[in-house]
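Student: Right, I'll just put the structure down here and ask away after.
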Amino acid sequence: MKHLANRVGAKRRRLPRAGIALALGAAAALVLSACAGGSTTPTGSSDGRADELVIGMGAPSSLDPSGAAFNVPGYYINFAYDSLIHWTNDNTMEPGLATEWKYTDDENKVFQLTIRSGVKFADGEDLTAQAVADSINYFKTGTGPTAGSYTQMTAAATGDLQVTVTSEVSNPNMEQLFSQFYLGGDIIAPEGIKDPSKLTSQSYGAGPYTLDPSQTVASDHYTYVANDTYWDQSAIHFDKVVIKVYDDENAGLAAVQTGAVDVYTGGSSTTIDAAKSAGLNVMGGTAYWNGLQLTDQQGKIVPALADQRVRQALSYAIDRATVAKAVLGDDAVPIEQPALPGQAGYEESLNSTYPYDVDKAKSLLAAAGYPDGFTIPVTVLSGTWLERLMQAVDGQLQKIGVSLEFVPAANIGEFLGNLSSGKVAAFDIPISTTSLYSTYGQNWKENANLNGNNEVDAQLKSLVDTAAATPSADADPAWQAVNEYLVDQAYTIPVAASYQYYYLATDIQGAALNASTALMDPLLLTKSN
Amino acid sequence: MVRLILRRIAISIPLIFVVSMLVFALQSLSPTDPAQALLGTGGTQEQLEALREKLGLNLPLWQQYLNYMSHVLQGDFMSSYRTGTPVTTLIADRLPVTLALIILGVLVGTVVGVALGTASAIRGGFFGKLLDFVSLAGLALPNFWLGLALVAVFAVTLHLLPSGGYVPFTQNPVGWALSLVLPVAALSLGGIATVAKTTRESMLEVMNRDFIRTLRAAGLGGGSIIWKHGLKNAAIPVISVVNLNFIGALTGTVFVESVFVLPGLGSLVVSAVNGAEIQVLEGVALTFTIIVVIVNLLIDISYGWLNPKVRAA
């Protein structure tokens with residue numbers, strides 16, 4: 001190299017022009033970053049609203065309420081579409097677009113609502129009983145995960161401001177179904193129903209905000225602007241709400257830390273410690289239960305699972321407290337029943353049905369004729385804490401000779417494909433339904449999407465039908481009977497109730513979680529000045 | 001030149017068909033059912049079957065492909081199953097982001113790589129060692145890991161730059177630039193390494209040639225010899241590497257856009273794969289094919305400018 005340097009000549013000591021340009025560029029970048037870094041502090045508008053709320057969360061499945069996902073993804077709908085009933089954080093049902101509601105029969109099949117008068121959709125159309133009925137009847141034709149809960153209902157305008165919903169089967173959950181949680185009560189304007197293709201890119205609701213397509217980029221960020229015709233102006237706290245899509249949890253956490261977003265909704269045990277260390281406000285509640293969810297109670301794939309003693313043995317073999325703490329952290333709660341505290345039918349005593357006892361598990365297996373164990377093919381989303389939970393469960397079950405054979409799924413579509421392939425006998429997915437009735441409809445009912453092998457228990461169906469037909473005020477014992485049956489049969493092996501975490505910037509106020517769903521209502525959020 | 005362009009266009013038409021068939025075939029091997037991905041966990045089997053029929057997924061694969069291509073030949077690239085947005089709109093919204101990322105990434109990789117490679121060839125010593133280190137880092141470190149590390153240091157710890165997100169140029173040019181600093185850095189490191197190494201080897205070879213001795217004997221300045229004569233003659237292998245870097249950057253955007261939450265074509269590919277949205281994947285694949293064809297054409301033109309012999313041929 002030295003001979004090359006000598007040949008170039010004596011001018012090499014002078015700084016090359018490229019070097020000067022680089023140095024100037026670096027200096028300019030530093031000045032720019034100093035001037036323009038960080039998030040903008042909202043100044044607040046003259047009407048008392050803060051400028052902007054930015055929420056980070058996963059992408060929506062659709063902006064059409066009938067195709068949208070519920071729970072946290074329902075935010076995309078809730079900002080623009082007001083619901084008939086508001087499910088409040090203290091678990092009461094408050095008037096929304098409906099001011100009164102009741103069952104008018106003894107079997108929980110006929111539900112009547114009175115619509116709020118004087119309300120207009122954001123496009124100026126009046127909210128009428130017919131518009132509400134049309135919206136409900138449209139919603140049930142959708143592709144969203146909750147649309148199926150409405151397929152056996154028909155809505156009709158039965159008065160000027162009266163809508164009657166008639167169900168073919170007893171349904172005790174009408175209040176919840178027409179709240180903002182399940183989306184069927186989020187009413188769509190007639191103009192949107194006339195041409196549903198428009199619903200995927202524009203909003204046609206009567207909510208506190210409207211979607212602004214000009215400030216929206218699909219799958220990246222969605223901007224909602226305040227609706228000045230909303231019937232309750234005091235409920236609007238921001239001029240603008242932006243939802244930014246963050247599919248990666250670490251990126252979402254970094255976004256809150258750097259001020260790019262005010263709230264991130266996708267926290268889990270993976271990042272909770274980092275969030276707490278970073279000094280963020282962290283909120284969490286038990287939103288799901290998880291465990292080894294069996295789909296082969298009749299033993300078509302794994303003959304051993306047809307025996308109740310075998311299923312009970314699996315439950316005895318899992319040290320839930322150890323597994324929950326190791327995989328899900330200190331906040332996880334060991335659980336042995338497919339219901340969460342606060343749900344009808346939940347009994348604390350059921351969490352002591354299967355105390356950890358490896359010897360008992362082995363004796364049950366031996367009595368059932370499987371002393372050497374067997375293998376259960378299970379499908380779970382790869383690379384997630386769900387997979388880690390199942391790996392921990394596998395470690396526990398191996399003490400009694402049972403092992404899990406993992407059939408991985410890269411995404412939810414592949415997961416559901418595995419489930420219905422006839423090759424798996426179990427799965428794990430967070431179950432966030434708000435009642436045993438909904439859980440039954442999702443997991444064990446005939447043709448339910450999570451009933452992968454479509455195995456139906458007539459006794460269970462009978463118990464559920466009885467509970468569903470009982471007036472809510474008297475239904476608790478009936479739901480307890482359902483829950484006790486499920487636990488006794490060990491149709492599913494719950495392990496832990498896990499937390500849904502929200503990470504919030506320190507200037508966010510008004511955050512609280514629903515006592516039953518652990519869902520944070522974003523419409524209640526405000527910002528300190 | 002005109003013949004060259006026409007030849008490229010003629011080759012690209014069958015290429016586009018081949019790519020579209022390959023993408024369709026590969027996606028059909030995915031175990032993800034788009035209808036189930038849409039319906040999620042709460043639907044029923046009846047809903048699933050009805051949705052598959054509505055989306056045409058119950059048809060044989062060859063028929064699905066022909067249906068798709070008949071739409072494409074009429075200018076309709078169809079719409080996303082999930083959002084209902086036309087694929088052309090999705091691509092038009094996201095293409096500028098990916099192009100900005102790739103162009104800047106390749107530009108930074110080329111400029112820094114050429115500077116480093118030239119300095120290493122001419123001066124050696126410290127620059128030589130620096131080049132070896134950069135080469136090792138560039139080839140060994142995956143760009144998504146580098147991206148996460150850059151976020152942790154410059155965004156989360158030092159609060160100097162944003163952790164992610166994209167600011168359109170028309171909204172705020174300074175914000176736009178800042179939103180691309182870290183993603184471009186993550187994308188360009190591999191390019192810097194390969195360009196620098198190629199530049200060094202090529203410069204060493206060129207600077208030993210007789211015509212350089214002649215120029216020196218004629219009294220020409222060192223800077224002019226290096227930058228005007230040496231580099232120009234050393235450029236052809238470097239241009240080839242830049243071409244390869246550009247193509248590599250196209251695939252690199254899948255990781256970088258996901259880490260930095262950029263609304264480009266790379267992140268669109270990730271969501272389309274998860275949702276088994278074949279029409280979106282086809283649209284992106286065709287877009288990438290056209291970009292590669294155009295870039296190859298520009299590279300060929302630059303060969304002609306650099307080397308008159310190529311022009312004459």
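Following the order of the structure tokens, chains are lettered A, B, ..., residues in each are numbered from 1, and ligands are numbered from 1.
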Can you pull out the residues contacting range 474-482 of chain A? Cut-off 7 Å, using only C-alpha atoms, and skip same-chain residues under 3 positions away; I want them as a PyMOL selection string.

Tutor: chain A and resi 344-346+460+463-464+467+470-471+485-486

Student: Any idea which chain B residues end up within 6 Å of chain A if we count only C-alpha atoms, as an MDAnalysis selection string please?

Tutor: chainID B and resid 31:33 36:37 39:45 82:84 122:124 156 222 263 274

Student: Can you tell me how far CA of Arg94 in chain B sits from CA of Gln27 in chain B, in Å to one decimal?

Tutor: 21.8 Å

Student: For Leu244 in chain B, please output as number ranges by chain all residues within 12 Å (counting only C-alpha atoms; exclusion window: fewer than 4 positions along the same chain).

Tutor: B: 106, 109-110, 190-191, 194-195, 237-240, 248-251, 292, 295-296, 299

Student: Which residue, B:Leu286, B:Ile212, B:Val259, B:Ile5, has the smallest gap to Phe17 in chain B when you use only C-alpha atoms?

Tutor: B:Leu286

Student: Enter the distance from CA of Arg200 in chain B to CA of Phe255 in chain B, in Å, rounded to one decimal.

Tutor: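 So the two atoms, CA of Arg200 in chain B and CA of Phe255 in chain B, lie 29.3 Å apart.
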
Student: Please provide the set of residues having any atom within 8 Å of range 500-512 of chain A, restricted to only C-alpha atoms, with same-chain residues fewer than 4 positions apart removed, written as a PyMOL selection string.

Tutor: chain A and resi 89+253+256-257+259+261-268+272+275+280-288+518+520-522+524-529

Student: Between CA of Ala426 in chain A and CA of Pro341 in chain A, what is the spacing in Å?

Tutor: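 Calculated distance between CA of Pro341 in chain A and CA of Ala426 in chain A is 24.4 Å.
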
Student: For range 159-164 of chain B, please output as number ranges by chain all residues within 6 Å (counting only C-alpha atoms; exclusion window: fewer than 6 positions along the same chain).

Tutor: B: 151, 260-261

Student: Which residues in range 285-385 of chain A does DSSP call alpha helix (DSSP H)? List them as a ChimeraX atom specification.

Tutor: /A:308-316,320-328,358-368,385

Student: Using only C-alpha atoms, which of A:Ala468, A:Ser167, A:Gly299, A:Ala496 sits nearest Ile318 in chain A?

Tutor: A:Ala496

Student: Show me, as a list in words, the residues that have an atom within 7 Å of Asn137 in chain A when counting only C-alpha atoms, minus same-chain residues fewer than 4 positions from it.

Tutor: Ala133, Thr154 and Ala155 of chain A

Student: Can you spit out the residues from that selection as an mmCIF file, in the first residue's frame, using N, CA and C atoms?

Tutor:
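out-v9.cif, freshly written:
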data_model
loop_
_atom_site.group_PDB
_atom_site.id
_atom_site.type_symbol
_atom_site.label_atom_id
_atom_site.label_comp_id
_atom_site.auth_asym_id
_atom_site.auth_seq_id
_atom_site.Cartn_x
_atom_site.Cartn_y
_atom_site.Cartn_z
ATOM 1 N N ALA A 133 -81.976 -1.505 12.634
ATOM 2 C CA ALA A 133 -82.318 -2.885 12.259
ATOM 3 C C ALA A 133 -81.517 -3.330 11.038
ATOM 4 N N THR A 154 -82.643 -11.901 14.050
ATOM 5 C CA THR A 154 -83.198 -11.007 13.034
ATOM 6 C C THR A 154 -83.690 -9.759 13.739
ATOM 7 N N ALA A 155 -83.303 -8.600 13.207
ATOM 8 C CA ALA A 155 -83.726 -7.332 13.806
ATOM 9 C C ALA A 155 -84.811 -6.713 12.947
#

Student: I need the residue nearest Val242 in chain A from this list: A:Ile188, A:Leu211, A:Leu177, A:Ala324. Use only C-alpha atoms for the distance.

Tutor: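 Smallest distance to Val242 in chain A is found for A:Leu211.
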
Student: Excluding Asp93 in chain B and residues on its chain fewer than 2 positions from it, collect all residues at most 12 Å away from it, counting only C-alpha atoms, and give them as a list in words.

Tutor: Ser214, Gln215, Thr216, Val217, Ala218, Ser219 and Asp220 of chain A; Thr85, Pro86, Val87, Thr88, Thr89, Leu90, Ile91, Leu95, Pro96, Val97, Thr98, Leu99, Pro168, Leu262, Pro263, Gly264, Leu265 and Leu268 of chain B

Student: Would you put the residues from that selection into a file with N, CA and C atoms, as a JSON list (two decimals), in the first residue's frame?

Tutor:
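What ended up in part36.json:
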[["chain", "number", "residue", "atom", "x", "y", "z"],
["A", 214, "SER", "N", -57.99, 10.87, 3.87],
["A", 214, "SER", "CA", -56.88, 11.64, 3.30],
["A", 214, "SER", "C", -55.66, 11.62, 4.20],
["A", 215, "GLN", "N", -55.86, 11.29, 5.48],
["A", 215, "GLN", "CA", -54.73, 11.22, 6.41],
["A", 215, "GLN", "C", -54.48, 9.77, 6.86],
["A", 216, "THR", "N", -54.94, 8.85, 6.03],
["A", 216, "THR", "CA", -54.84, 7.43, 6.39],
["A", 216, "THR", "C", -54.07, 6.68, 5.32],
["A", 217, "VAL", "N", -53.17, 5.81, 5.74],
["A", 217, "VAL", "CA", -52.49, 4.89, 4.82],
["A", 217, "VAL", "C", -52.77, 3.48, 5.32],
["A", 218, "ALA", "N", -53.48, 2.70, 4.53],
["A", 218, "ALA", "CA", -53.91, 1.36, 4.96],
["A", 218, "ALA", "C", -52.73, 0.54, 5.45],
["A", 219, "SER", "N", -52.94, -0.13, 6.57],
["A", 219, "SER", "CA", -51.95, -0.99, 7.24],
["A", 219, "SER", "C", -50.76, -0.22, 7.80],
["A", 220, "ASP", "N", -50.81, 1.10, 7.79],
["A", 220, "ASP", "CA", -49.73, 1.88, 8.41],
["A", 220, "ASP", "C", -50.27, 2.80, 9.50],
["B", 85, "THR", "N", -58.85, -2.54, -0.12],
["B", 85, "THR", "CA", -58.15, -1.50, -0.88],
["B", 85, "THR", "C", -57.63, -2.09, -2.18],
["B", 86, "PRO", "N", -57.81, -1.41, -3.31],
["B", 86, "PRO", "CA", -57.23, -1.92, -4.56],
["B", 86, "PRO", "C", -55.73, -2.10, -4.43],
["B", 87, "VAL", "N", -55.22, -3.15, -5.01],
["B", 87, "VAL", "CA", -53.79, -3.45, -4.91],
["B", 87, "VAL", "C", -52.98, -2.31, -5.52],
["B", 88, "THR", "N", -53.48, -1.72, -6.61],
["B", 88, "THR", "CA", -52.73, -0.61, -7.23],
["B", 88, "THR", "C", -52.62, 0.57, -6.26],
["B", 89, "THR", "N", -53.67, 0.80, -5.48],
["B", 89, "THR", "CA", -53.61, 1.89, -4.49],
["B", 89, "THR", "C", -52.61, 1.56, -3.40],
["B", 90, "LEU", "N", -52.65, 0.32, -2.93],
["B", 90, "LEU", "CA", -51.70, -0.10, -1.89],
["B", 90, "LEU", "C", -50.27, 0.11, -2.37],
["B", 91, "ILE", "N", -50.00, -0.30, -3.60],
["B", 91, "ILE", "CA", -48.64, -0.21, -4.12],
["B", 91, "ILE", "C", -48.26, 1.25, -4.36],
["B", 95, "LEU", "N", -44.98, 2.53, -2.63],
["B", 95, "LEU", "CA", -43.79, 2.49, -3.47],
["B", 95, "LEU", "C", -42.81, 3.62, -3.17],
["B", 96, "PRO", "N", -43.28, 4.86, -3.01],
["B", 96, "PRO", "CA", -42.32, 5.94, -2.73],
["B", 96, "PRO", "C", -41.49, 5.68, -1.48],
["B", 97, "VAL", "N", -42.09, 5.07, -0.48],
["B", 97, "VAL", "CA", -41.35, 4.81, 0.76],
["B", 97, "VAL", "C", -40.23, 3.80, 0.50],
["B", 98, "THR", "N", -40.56, 2.72, -0.18],
["B", 98, "THR", "CA", -39.55, 1.69, -0.45],
["B", 98, "THR", "C", -38.48, 2.23, -1.39],
["B", 99, "LEU", "N", -38.90, 2.99, -2.39],
["B", 99, "LEU", "CA", -37.90, 3.54, -3.32],
["B", 99, "LEU", "C", -36.95, 4.49, -2.60],
["B", 168, "PRO", "N", -44.01, 11.67, 5.51],
["B", 168, "PRO", "CA", -43.93, 11.99, 4.09],
["B", 168, "PRO", "C", -43.14, 13.27, 3.85],
["B", 262, "LEU", "N", -42.10, 1.08, 8.70],
["B", 262, "LEU", "CA", -42.22, 1.94, 7.53],
["B", 262, "LEU", "C", -43.30, 1.38, 6.62],
["B", 263, "PRO", "N", -44.19, 2.22, 6.12],
["B", 263, "PRO", "CA", -45.29, 1.74, 5.28],
["B", 263, "PRO", "C", -44.87, 1.53, 3.83],
["B", 264, "GLY", "N", -43.92, 0.61, 3.64],
["B", 264, "GLY", "CA", -43.43, 0.37, 2.29],
["B", 264, "GLY", "C", -43.90, -0.98, 1.76],
["B", 265, "LEU", "N", -43.35, -1.37, 0.63],
["B", 265, "LEU", "CA", -43.76, -2.64, 0.00],
["B", 265, "LEU", "C", -43.25, -3.83, 0.80],
["B", 268, "LEU", "N", -45.64, -4.55, 3.45],
["B", 268, "LEU", "CA", -46.86, -5.03, 2.81],
["B", 268, "LEU", "C", -46.74, -6.52, 2.49]]
